[in-house]
$ cat work_22.txt   # compact mmCIF, C-alpha atoms and all ligand atoms
# COMPACT_ATOMS: atom_id res chain seq x y z
CA MET A 1 28.72 -25.84 -12.77
CA ASN A 2 25.31 -24.78 -11.57
CA ARG A 3 22.36 -26.56 -13.14
CA PRO A 4 19.81 -24.22 -14.67
CA SER A 5 17.02 -23.62 -12.19
CA PHE A 6 13.56 -25.07 -12.87
CA LEU A 7 12.08 -21.87 -11.44
CA SER A 8 11.58 -18.55 -13.18
CA ASP A 9 14.66 -16.42 -13.77
CA HIS A 10 12.41 -13.37 -13.66
CA CYS A 11 11.40 -13.23 -10.02
CA PRO A 12 13.40 -10.45 -8.34
CA PRO A 13 12.26 -9.24 -4.90
CA MET A 14 10.04 -6.16 -4.68
CA GLY A 15 12.05 -3.04 -5.69
CA ILE A 16 12.60 -1.81 -2.15
CA TYR A 17 14.66 -4.90 -1.28
CA GLU A 18 17.43 -3.82 -3.62
CA THR A 19 17.67 -0.61 -1.63
CA LEU A 20 17.72 -2.61 1.58
CA TYR A 21 20.56 -4.85 0.35
CA ALA A 22 22.51 -1.83 -0.93
CA PHE A 23 21.97 -0.19 2.45
CA ARG A 24 23.27 -3.24 4.31
CA ASP A 25 26.34 -3.41 2.08
CA SER A 26 27.06 0.27 2.69
CA PHE A 27 26.13 0.67 6.38
CA GLY A 28 26.98 -2.84 7.57
CA GLN A 29 23.63 -3.40 9.29
CA PHE A 30 20.11 -4.23 8.21
CA MET A 31 17.68 -1.34 7.87
CA GLY A 32 15.44 -1.42 10.95
CA SER A 33 18.18 -2.47 13.38
CA PRO A 34 18.91 -0.05 16.25
CA GLY A 35 20.61 3.15 15.10
CA THR A 36 19.09 3.06 11.59
CA HIS A 37 16.40 5.41 10.28
CA PRO A 38 13.72 3.37 8.48
CA TRP A 39 12.30 6.10 6.23
CA SER A 40 12.10 3.60 3.40
CA GLN A 41 9.90 1.15 5.31
CA GLY A 42 6.13 0.80 5.08
CA PHE A 43 5.31 -0.59 8.50
CA PRO A 44 3.36 1.27 11.19
CA LEU A 45 4.36 1.79 14.82
CA THR A 46 3.41 -1.41 16.66
CA THR A 47 4.00 0.20 20.07
CA PRO A 48 1.13 2.00 21.88
CA LEU A 49 -0.20 5.22 20.33
CA PRO A 50 -1.54 8.02 22.57
CA GLY A 51 -5.29 7.42 22.95
CA GLY A 52 -5.03 4.18 21.00
CA PRO A 53 -6.42 0.85 22.17
CA GLU A 54 -4.53 -1.62 24.26
CA LEU A 55 -3.69 -4.44 21.87
CA PRO A 56 -4.30 -8.07 22.89
CA SER A 57 -1.22 -9.95 24.11
CA SER A 58 -2.57 -13.51 23.77
CA VAL A 59 -5.33 -15.59 22.20
CA ALA A 60 -6.98 -18.76 23.51
CA VAL A 61 -6.44 -21.91 21.44
CA SER A 62 -8.84 -24.86 21.59
CA PRO A 63 -8.70 -28.30 19.90
CA ASP A 64 -11.05 -26.87 17.24
CA ASP A 65 -8.33 -24.43 16.28
CA ARG A 66 -6.07 -27.30 15.33
CA LEU A 67 -8.57 -28.45 12.73
CA TYR A 68 -8.20 -27.17 9.17
CA PRO A 69 -9.52 -23.64 8.74
CA LYS A 70 -12.40 -22.88 6.41
CA ALA A 71 -11.16 -21.92 2.94
CA TRP A 72 -12.96 -18.54 3.02
CA GLY A 73 -12.07 -17.58 6.59
CA HIS A 74 -13.21 -18.19 10.15
CA PRO A 75 -16.94 -17.45 10.57
CA ALA A 76 -16.24 -15.20 13.58
CA LEU A 77 -13.72 -13.14 11.62
CA ARG A 78 -15.87 -12.87 8.50
CA ALA A 79 -18.73 -11.63 10.67
CA ALA A 80 -16.45 -9.16 12.49
CA ILE A 81 -15.10 -7.77 9.19
CA ALA A 82 -18.61 -7.38 7.73
CA GLU A 83 -19.71 -5.56 10.88
CA HIS A 84 -16.56 -3.42 10.80
CA TYR A 85 -17.67 -1.99 7.44
CA ASN A 86 -21.41 -1.92 8.06
CA SER A 87 -21.22 -0.03 11.35
CA PHE A 88 -18.83 2.69 10.18
CA TYR A 89 -19.81 3.10 6.53
CA GLY A 90 -23.51 2.21 6.60
CA SER A 91 -23.03 -0.65 4.11
CA ARG A 92 -24.95 -3.94 4.24
CA ILE A 93 -22.36 -6.54 3.35
CA ALA A 94 -22.75 -10.13 4.56
CA PRO A 95 -20.03 -12.49 5.83
CA GLU A 96 -20.38 -14.22 2.43
CA ASN A 97 -18.96 -11.07 0.84
CA VAL A 98 -15.71 -11.50 2.81
CA MET A 99 -12.70 -13.70 2.08
CA VAL A 100 -9.82 -13.85 4.56
CA PHE A 101 -6.19 -14.01 3.39
CA ALA A 102 -2.80 -14.14 5.07
CA GLY A 103 -2.30 -10.36 4.72
CA GLY A 104 -3.21 -7.76 2.13
CA ARG A 105 -0.84 -8.96 -0.60
CA PRO A 106 -2.19 -12.51 -1.05
CA GLY A 107 -5.71 -11.11 -1.52
CA ILE A 108 -4.56 -8.65 -4.17
CA TYR A 109 -2.46 -11.35 -5.84
CA THR A 110 -5.41 -13.74 -5.95
CA VAL A 111 -7.80 -11.24 -7.56
CA LEU A 112 -5.26 -10.44 -10.28
CA ALA A 113 -4.26 -14.08 -10.82
CA PHE A 114 -7.82 -15.12 -11.65
CA LEU A 115 -8.79 -12.26 -13.98
CA LYS A 116 -10.28 -13.31 -17.28
CA LYS A 117 -8.22 -12.48 -20.36
CA HIS A 118 -10.53 -9.71 -21.57
CA VAL A 119 -10.12 -7.71 -18.35
CA GLU A 120 -7.52 -4.95 -18.63
CA VAL A 121 -6.02 -3.41 -15.51
CA ARG A 122 -5.54 0.35 -15.27
CA ILE A 123 -2.89 1.46 -12.83
CA GLY A 124 -1.55 4.88 -11.89
CA ASN A 125 1.97 5.65 -13.13
CA VAL A 126 3.01 6.13 -9.48
CA GLU A 127 1.85 3.30 -7.25
CA TRP A 128 3.02 0.79 -4.67
CA PRO A 129 6.03 -1.16 -6.09
CA ALA A 130 4.50 -4.58 -5.31
CA TYR A 131 1.74 -4.03 -7.87
CA LEU A 132 4.25 -4.13 -10.72
CA ASP A 133 5.61 -7.46 -9.50
CA ILE A 134 2.12 -8.87 -8.98
CA LEU A 135 0.85 -7.72 -12.38
CA THR A 136 3.91 -9.19 -14.05
CA GLN A 137 3.87 -12.53 -12.25
CA THR A 138 0.13 -13.07 -12.67
CA GLY A 139 0.37 -12.31 -16.40
CA ALA A 140 -2.28 -9.57 -16.15
CA SER A 141 -2.48 -7.02 -18.94
CA TRP A 142 -2.39 -3.41 -17.86
CA ARG A 143 -2.09 0.16 -19.03
CA VAL A 144 -0.69 3.03 -17.07
CA VAL A 145 -2.66 6.17 -16.17
CA PRO A 146 -0.48 9.34 -16.26
CA PHE A 147 0.64 10.75 -12.89
CA THR A 148 2.27 14.10 -13.51
CA LYS A 149 2.98 17.40 -11.81
CA GLU A 150 0.30 18.85 -14.12
CA ASN A 151 -2.43 16.55 -12.79
CA GLY A 152 -1.05 16.87 -9.26
CA PHE A 153 -0.28 13.11 -9.13
CA HIS A 154 -4.05 12.74 -8.81
CA PRO A 155 -5.70 12.03 -12.20
CA ALA A 156 -9.46 12.35 -12.59
CA ASN A 157 -11.50 9.19 -11.95
CA SER A 158 -12.47 9.15 -15.64
CA ALA A 159 -8.80 8.66 -16.64
CA TYR A 160 -8.97 5.13 -15.20
CA PHE A 161 -11.95 4.26 -17.41
CA ASP A 162 -10.79 5.85 -20.67
CA ARG A 163 -11.90 3.52 -23.48
CA THR A 164 -10.10 5.27 -26.33
CA GLY A 165 -9.00 2.66 -28.85
CA LEU A 166 -10.83 -0.22 -27.14
CA ASN A 167 -13.65 -2.35 -28.46
CA ALA A 168 -16.57 -3.53 -26.34
CA LYS A 169 -14.86 -6.83 -25.54
CA THR A 170 -12.34 -5.26 -23.18
CA HIS A 171 -13.48 -4.71 -19.58
CA LEU A 172 -11.61 -2.40 -17.23
CA LEU A 173 -10.30 -2.92 -13.70
CA PRO A 174 -8.52 0.06 -12.12
CA VAL A 175 -6.14 -0.93 -9.32
CA ILE A 176 -5.80 2.00 -6.93
CA SER A 177 -4.31 2.33 -3.46
CA ASN A 178 -6.52 4.76 -1.58
CA PRO A 179 -5.10 6.54 0.39
CA GLY A 180 -2.24 6.17 -2.05
CA ASN A 181 1.11 4.58 -1.48
CA PRO A 182 3.44 6.42 -2.17
CA THR A 183 1.63 9.71 -2.89
CA GLY A 184 -0.85 9.98 0.00
CA HIS A 185 -3.47 11.20 -2.48
CA THR A 186 -6.91 10.14 -1.32
CA ARG A 187 -10.25 9.93 -3.09
CA HIS A 188 -13.01 10.56 -0.60
CA GLY A 189 -16.48 12.12 -0.40
CA ALA A 190 -18.02 13.05 -3.77
CA GLU A 191 -14.89 12.02 -5.69
CA LEU A 192 -14.93 8.53 -4.19
CA ALA A 193 -18.69 8.29 -4.77
CA GLU A 194 -18.10 9.08 -8.44
CA LEU A 195 -15.28 6.52 -8.68
CA MET A 196 -17.46 3.75 -7.27
CA ALA A 197 -20.39 4.70 -9.52
CA MET A 198 -18.07 4.39 -12.52
CA ALA A 199 -16.76 1.06 -11.21
CA GLU A 200 -20.32 -0.28 -11.02
CA GLN A 201 -21.07 0.49 -14.67
CA PRO A 202 -21.35 -2.58 -16.96
CA GLY A 203 -17.93 -3.62 -18.26
CA ASN A 204 -16.14 -1.92 -15.36
CA GLY A 205 -14.90 -3.00 -11.96
CA ILE A 206 -12.26 -1.89 -9.46
CA LEU A 207 -9.67 -3.27 -7.09
CA LEU A 208 -9.51 -0.58 -4.45
CA ASP A 209 -6.71 -1.25 -2.01
CA GLU A 210 -7.73 0.27 1.30
CA ALA A 211 -4.74 -0.78 3.39
CA TYR A 212 -4.47 2.82 4.68
CA GLU A 213 -8.22 3.23 5.28
CA MET A 214 -7.77 4.85 8.72
CA PHE A 215 -4.95 7.22 7.78
CA HIS A 216 -7.07 10.25 6.96
CA ALA A 217 -8.60 13.09 8.98
CA SER A 218 -12.05 11.53 8.47
CA GLN A 219 -10.78 8.45 10.42
CA GLY A 220 -11.99 6.16 7.66
CA VAL A 221 -12.18 6.16 3.86
CA SER A 222 -13.80 3.24 2.06
CA GLY A 223 -15.48 2.85 -1.29
CA ILE A 224 -17.99 0.50 0.37
CA ARG A 225 -19.88 3.59 1.57
CA TYR A 226 -20.92 4.25 -2.03
CA VAL A 227 -21.37 0.76 -3.50
CA LYS A 228 -24.96 0.24 -4.62
CA ASP A 229 -25.09 -3.45 -5.58
CA LEU A 230 -21.96 -5.33 -4.50
CA ASP A 231 -23.29 -8.77 -5.44
CA ASN A 232 -23.89 -7.63 -8.98
CA SER A 233 -20.50 -5.96 -9.38
CA ASN A 234 -16.81 -6.53 -9.97
CA VAL A 235 -15.87 -4.29 -7.08
CA PHE A 236 -13.03 -5.70 -4.96
CA LEU A 237 -11.98 -3.90 -1.77
CA ALA A 238 -8.77 -5.05 -0.13
CA GLY A 239 -8.20 -4.46 3.58
CA ALA A 240 -5.87 -5.73 6.29
CA CYS A 241 -4.92 -5.56 9.95
CA THR A 242 -1.49 -4.47 8.74
CA LYS A 243 -1.56 -0.65 8.95
CA GLY A 244 -4.47 0.90 10.88
CA LEU A 245 -4.72 -1.97 13.36
CA ARG A 246 -0.93 -1.90 13.44
CA SER A 247 -0.35 -5.65 13.30
CA PRO A 248 1.62 -6.55 10.18
CA GLY A 249 3.05 -9.62 11.89
CA ILE A 250 -0.25 -11.47 12.33
CA ARG A 251 -0.68 -11.63 8.53
CA ILE A 252 -4.42 -11.05 8.27
CA GLY A 253 -6.01 -9.31 5.32
CA TRP A 254 -9.24 -9.68 3.37
CA VAL A 255 -11.07 -8.97 0.15
CA ILE A 256 -14.67 -7.73 0.03
CA ALA A 257 -16.45 -8.67 -3.21
CA SER A 258 -19.61 -10.16 -4.68
CA ARG A 259 -20.62 -13.60 -3.35
CA LYS A 260 -19.81 -15.08 -6.75
CA ASN A 261 -16.27 -13.65 -6.81
CA ILE A 262 -15.71 -14.68 -3.18
CA GLU A 263 -16.74 -18.22 -4.07
CA THR A 264 -14.18 -18.35 -6.90
CA MET A 265 -11.43 -17.14 -4.57
CA SER A 266 -12.41 -19.57 -1.82
CA ASN A 267 -12.36 -22.42 -4.35
CA TYR A 268 -8.78 -21.41 -5.08
CA SER A 269 -8.06 -21.40 -1.34
CA SER A 270 -9.38 -24.99 -1.12
CA PHE A 271 -6.65 -26.26 -3.44
CA GLY A 272 -3.97 -23.57 -3.34
CA MET A 273 -3.92 -22.01 0.11
CA GLY A 274 -5.70 -24.17 2.66
CA GLY A 275 -7.14 -21.23 4.56
CA VAL A 276 -5.42 -19.00 7.12
CA SER A 277 -4.12 -19.68 10.66
CA HIS A 278 -6.94 -19.82 13.24
CA LEU A 279 -4.62 -18.24 15.81
CA SER A 280 -4.12 -15.16 13.70
CA GLN A 281 -7.80 -15.00 12.81
CA HIS A 282 -8.74 -15.09 16.52
CA TYR A 283 -6.28 -12.28 17.17
CA ALA A 284 -7.84 -10.28 14.34
CA VAL A 285 -11.34 -10.75 15.82
CA GLU A 286 -10.05 -9.14 19.01
CA LEU A 287 -8.42 -6.29 17.09
CA LEU A 288 -11.73 -5.66 15.34
CA GLU A 289 -13.65 -5.38 18.58
CA PRO A 290 -15.72 -2.18 17.97
CA ARG A 291 -14.42 -0.25 20.99
CA ARG A 292 -10.82 -0.97 19.98
CA VAL A 293 -11.47 0.04 16.37
CA ALA A 294 -13.07 3.33 17.42
CA GLN A 295 -10.00 4.16 19.53
CA ALA A 296 -7.67 3.04 16.76
CA ARG A 297 -9.41 5.23 14.16
CA ALA A 298 -9.13 8.33 16.33
CA ALA A 299 -5.54 7.70 17.48
CA VAL A 300 -4.22 6.79 14.02
CA ALA A 301 -5.82 9.81 12.31
CA GLN A 302 -4.50 12.12 15.05
CA HIS A 303 -0.93 10.82 15.34
CA TYR A 304 -0.29 10.39 11.64
CA GLY A 305 -2.10 13.63 10.77
CA VAL A 306 0.29 15.56 13.03
CA GLN A 307 3.30 13.71 11.63
CA ARG A 308 2.22 14.33 8.01
CA ALA A 309 1.85 18.07 8.67
CA ARG A 310 5.08 18.63 10.55
CA TYR A 311 7.29 16.56 8.26
CA GLY A 312 5.71 18.27 5.24
CA ALA A 313 6.43 21.74 6.62
CA ALA A 314 10.02 20.79 7.49
CA PHE A 315 10.64 19.29 4.03
CA GLN A 316 9.51 22.52 2.42
CA ARG A 317 11.94 24.46 4.59
CA LEU A 318 14.70 22.14 3.36
CA GLY A 319 13.92 23.06 -0.26
CA LEU A 320 12.06 19.90 -1.25
CA THR A 321 8.82 20.14 -3.24
CA VAL A 322 6.00 18.35 -1.43
CA HIS A 323 3.45 16.65 -3.71
CA THR A 324 1.69 14.65 -0.96
CA GLY A 325 -2.08 14.25 -0.63
CA ASP A 326 -4.00 14.24 2.67
CA GLY A 327 -3.86 10.55 3.64
CA GLY A 328 -1.58 7.59 4.33
CA PHE A 329 1.79 7.72 6.06
CA TYR A 330 4.11 8.70 3.24
CA HIS A 331 5.38 11.93 1.73
CA TRP A 332 5.87 12.12 -2.04
CA LEU A 333 8.74 14.52 -2.58
CA GLU A 334 10.70 16.10 -5.41
CA LEU A 335 14.40 16.82 -5.01
CA PRO A 336 16.08 20.09 -5.99
CA ALA A 337 17.13 20.23 -9.66
CA GLY A 338 20.13 18.02 -10.39
CA LEU A 339 19.82 15.64 -7.46
CA GLN A 340 18.42 12.18 -8.07
CA ALA A 341 17.00 9.82 -5.48
CA ASP A 342 19.70 7.26 -6.19
CA GLU A 343 22.40 9.68 -5.17
CA LEU A 344 20.36 10.90 -2.20
CA ASN A 345 20.25 7.31 -0.97
CA ARG A 346 23.99 6.79 -1.37
CA ARG A 347 24.53 9.86 0.77
CA LEU A 348 21.87 8.87 3.31
CA PHE A 349 23.27 5.34 3.72
CA LYS A 350 26.36 6.81 5.42
CA HIS A 351 24.04 8.20 8.10
CA GLY A 352 22.10 4.97 8.56
CA ALA A 353 19.07 6.26 6.61
CA ALA A 354 17.38 5.41 3.30
CA ILE A 355 14.33 6.41 1.28
CA LEU A 356 12.31 4.60 -1.40
CA LYS A 357 13.28 5.87 -4.84
CA GLY A 358 10.53 7.23 -7.10
CA PHE A 359 11.90 4.90 -9.78
CA ASP A 360 10.67 1.89 -7.78
CA CYS A 361 7.12 3.29 -7.76
CA ASP A 362 7.11 3.82 -11.55
CA MET A 363 4.55 1.37 -12.92
CA ALA A 364 5.71 1.98 -16.50
CA ARG A 365 9.28 0.83 -15.91
CA PRO A 366 10.42 -2.50 -17.32
CA HIS A 367 10.09 -5.24 -14.71
CA ASP A 368 13.42 -6.76 -15.66
CA LYS A 369 16.38 -4.41 -15.26
CA ASP A 370 17.01 -2.24 -18.33
CA PRO A 371 19.88 0.21 -17.91
CA GLY A 372 18.57 2.19 -20.89
CA TYR A 373 15.26 3.07 -19.23
CA ARG A 374 14.91 6.59 -17.78
CA SER A 375 12.06 7.02 -15.34
CA PRO A 376 10.26 10.38 -15.07
CA TYR A 377 10.46 9.94 -11.29
CA GLU A 378 14.23 9.70 -10.78
CA SER A 379 14.28 12.96 -8.83
CA TYR A 380 11.31 11.89 -6.69
CA PHE A 381 11.20 9.80 -3.55
CA ARG A 382 8.89 8.42 -0.89
CA PHE A 383 9.57 9.27 2.73
CA SER A 384 7.77 7.00 5.18
CA PHE A 385 6.82 8.33 8.59
CA GLY A 386 4.89 5.12 9.33
CA PRO A 387 7.44 3.54 11.69
CA LEU A 388 8.80 6.78 13.18
CA PRO A 389 8.13 7.66 16.81
CA PRO A 390 7.41 11.36 17.48
CA GLU A 391 10.85 11.70 19.16
CA SER A 392 12.82 11.00 15.99
CA PHE A 393 11.51 14.06 14.14
CA GLU A 394 14.38 16.43 15.02
CA SER A 395 17.14 13.95 14.16
CA ASP A 396 15.37 12.88 10.94
CA ILE A 397 15.20 16.46 9.70
CA ALA A 398 18.76 17.15 10.85
CA ILE A 399 20.12 14.18 8.85
CA LEU A 400 18.20 15.07 5.70
CA GLY A 401 19.20 18.74 6.06
CA LYS A 402 22.87 17.80 6.47
CA VAL A 403 22.86 15.56 3.41
CA LEU A 404 21.19 18.23 1.24
CA THR A 405 23.65 20.87 2.46
CA GLU A 406 26.60 18.56 1.72
CA TYR A 407 25.23 17.92 -1.75
CA ARG A 408 24.84 21.66 -2.47
CA ALA A 409 28.39 22.29 -1.21
CA ASP A 410 29.77 19.53 -3.47
CA VAL A 411 27.95 20.98 -6.47
CA ALA A 412 29.28 24.47 -5.70
CA LYS A 413 32.83 23.05 -5.35
CA SER A 414 32.74 21.27 -8.68
CA ALA A 415 31.17 24.18 -10.61
CA PRO A 416 33.56 25.90 -13.06
CA ARG A 417 34.74 29.27 -11.70
C1 LIG B 501 -0.72 -0.20 -0.83
C2 LIG B 501 -0.58 -1.37 0.07
N1 LIG B 501 -1.48 -2.35 0.00
C3 LIG B 501 -1.44 -3.43 0.80
C4 LIG B 501 -0.45 -3.55 1.74
C5 LIG B 501 -0.58 -4.69 2.70
O1 LIG B 501 0.41 -5.53 2.74
P1 LIG B 501 0.46 -6.80 3.70
O2 LIG B 501 -0.78 -6.86 4.55
O3 LIG B 501 0.56 -7.94 2.77
O4 LIG B 501 1.71 -6.59 4.49
C6 LIG B 501 0.56 -2.59 1.82
C7 LIG B 501 1.72 -2.73 2.73
O5 LIG B 501 2.78 -2.20 2.53
C8 LIG B 501 0.48 -1.45 0.98
O6 LIG B 501 1.37 -0.46 1.05
$ encode --input "work_22.txt" --output "C-alpha cells"
Amino acid sequence: MNRPSFLSDHCPPMGIYETLYAFRDSFGQFMGSPGTHPWSQGFPLTTPLPGGPELPSSVAVSPDDRLYPKAWGHPALRAAIAEHYNSFYGSRIAPENVMVFAGGRPGIYTVLAFLKKHVEVRIGNVEWPAYLDILTQTGASWRVVPFTKENGFHPANSAYFDRTGLNAKTHLLPVISNPGNPTGHTRHGAELAELMAMAEQPGNGILLDEAYEMFHASQGVSGIRYVKDLDNSNVFLAGACTKGLRSPGIRIGWVIASRKNIETMSNYSSFGMGGVSHLSQHYAVELLEPRRVAQARAAVAQHYGVQRARYGAAFQRLGLTVHTGDGGFYHWLELPAGLQADELNRRLFKHGAAILKGFDCDMARPHDKDPGYRSPYESYFRFSFGPLPPESFESDIAILGKVLTEYRADVAKSAPR
C-alpha cells in the first residue's frame, strides 16, 4: 500500500505536458526528437539566424564565481539589464530596479507569491497556461477578463482595471503577456502608453510579461518606455534571455520594479533561492552586449515576421480562421465548425505533430480536472513557429492540410445520405 504523500495532491504539470505525454504514448517518441514537428513547443531556434549575432560558446570562470552569488543578481548583469532598457527605450532605471532570476517563470512566480491579500489579479481569458498553475499554487485571487471573437481577443486596457462591484480596499494587478502567448496580440505605441498610465494610478499596478519583447516589427516593445515614476509604482516588468536572445537553457530572467519591491524579492532570494548561477549570469552579460542585442533585435523581428506572415496566409488557405495579433511566435487559430483541438491532436500525433489546445490557455477553466467543464476555446489552438526552421514550412503545411482533408472526408463518409 502506498503511504499518502506529504506533498500536495494538486500539483499537475503545466497543461502542455499532458499533450506531450499523450503524444509520446501515441507516436512512441518524445516531441522534439528527430522526425517530430514541435508545433506545440514554445522554444525559439537556438541555431544561428540570418543576420543574427554570433552567440558566445564559453564563459570564463574565476574563483570569485565559486562564491555565493548576490541575492539580487550579479552587479555586472544588473547593470547590463538596466542599460539594455535605458538605451533602447529611453528609460532611466538603475541596477537597483533589477532582480535576476533563474528564468522568466521564477520571477513571475515570486511576484505573485508575495502579493498582499487585498491585491486582485486580472488576467485575460486566453493566456499562457503556466499563469493558471502559478496563480493557483501561489494562492493569488484573480478574475478573468473576457477574450472573445467580438473583442478580437484583444480587450481594451480599461477592461483590466474595471472596478465594478469592488470597494476601495481592493487593488488591481493585471497580468498580461505582451506580445501575447498564445494570441500574438501586442499593445504598443499609444495603447501601451495608456496601459502603463493606468497601471501607475493609485491602487493599480501591472505585471507585464515581456518575454517576447523583440518579436514585433518595431524590434522592441516594452512598457518601460512609458513608465513615469517606477520607484513609486507597482509596475513589474518580466524579461528573460529565453526567447529574443534565444537561450532558454541558460535560465536567466529578471524582474524590473521599484527599489522597494526589488528589495522584498531579494530578501526572499536570501532565504529561499540563494541567487542565480554566476556562470549563467556571465553568459547573459555577453548576450546583452549592445552590438549583439542590436543584431538580435533586427534578425528576430525579420525572421519571425516573415514566418508569422507566411504561416498565417497558408492557414487561411487551409480554411482555418486566423485570430493572431502582430507579435510573438504563435498563431491563434480557430478550426472549421465541428472539429475540436483535441481531435485535431489525435490525428496529428499519427504524423509526429502536435499543437497546444485552446483549452489549456483558458484561464477560467478549473485547475483540477473537471470532465463537466466546457471551455469556449475547444475549437481553438496555438500553433508555434518558434522552433521551426524556414525549411520545414512546406512539410508543416502539407501535414496540417492532409489531416484537415482526412477529417472532412471522414465527416462526409459518416453523414446520413
Ligand atoms: C509568456 C511567457 N512568459 C515567460 C516565459 C519564460 O519562461 P522561462 O524563461 O521560464 O523559460 C515564457 C516561455 O514560454 C512565456 O511564454
$ residues_around --input "work_22.txt" --residues "Pro336 of chain A" --least-positions-apart "4" --cutoff "9 Å" --atoms "only C-alpha atoms" --output "mmCIF file with C-alpha atoms, in the coordinates of the input"
data_model
loop_
_atom_site.group_PDB
_atom_site.id
_atom_site.type_symbol
_atom_site.label_atom_id
_atom_site.label_comp_id
_atom_site.auth_asym_id
_atom_site.auth_seq_id
_atom_site.Cartn_x
_atom_site.Cartn_y
_atom_site.Cartn_z
ATOM 1 C CA GLY A 319 13.920 23.060 -0.260
ATOM 2 C CA LEU A 320 12.060 19.900 -1.250
ATOM 3 C CA THR A 321 8.820 20.140 -3.240
ATOM 4 C CA GLN A 340 18.420 12.180 -8.070
ATOM 5 C CA SER A 379 14.280 12.960 -8.830
#
$ residues_near_ligand --input "work_22.txt" --ligand "ligand LIG 501 (chain B)" --cutoff "8 Å" --atoms "all atoms listed in the file" --output "PyMOL selection string"
chain A and resi 42-43+102-106+108+127-128+177-178+180-182+209-212+238-243+248+251-253
$ residues_around --input "work_22.txt" --residues "segment 274-280 of chain A" --least-positions-apart "3" --cutoff "6 Å" --atoms "all atoms listed in the file" --output "list in words"
Asp65, Pro69, Lys70, Ala71, Ala102, Ile250, Ser269, Ser270 and Tyr283 of chain A
$ axis_aligned_box --input "work_22.txt" --around "segment 6-10 of chain A" --padding-each-side "5 Å" --output "JSON"
{"center_x": 13.1, "center_y": -19.2, "center_z": -12.6, "size_x": 13.1, "size_y": 21.7, "size_z": 12.3}
$ closest_residue --input "work_22.txt" --among "A:Val126, A:Ile399, A:Leu208, A:Tyr268" --to "Phe349 of chain A" --atoms "only C-alpha atoms"
A:Ile399
$ closest_residue --input "work_22.txt" --among "A:Tyr311, A:Trp142, A:Phe23, A:Tyr131" --to "Val119 of chain A" --atoms "all atoms listed in the file"
A:Trp142
$ closest_residue --input "work_22.txt" --among "A:Gly184, A:Gly90, A:Gly401, A:Gly244" --to "Val293 of chain A" --atoms "all atoms listed in the file"
A:Gly244
$ residues_around --input "work_22.txt" --residues "segment 159-164 of chain A" --least-positions-apart "3" --cutoff "8 Å" --atoms "only C-alpha atoms" --output "list of chain:residue names"
A:Arg122, A:Ile123, A:Val145, A:Pro155, A:Ala156, A:Asn167, A:Leu172, A:Pro174, A:Met198, A:Asn204
$ atom_distance --input "work_22.txt" --atom1 "atom CA of Ala299 of chain A" --atom2 "atom CA of Ser58 of chain A"
22.3 Å
$ atom_distance --input "work_22.txt" --atom1 "atom CA of Leu45 of chain A" --atom2 "atom CA of Val285 of chain A"
20.1 Å
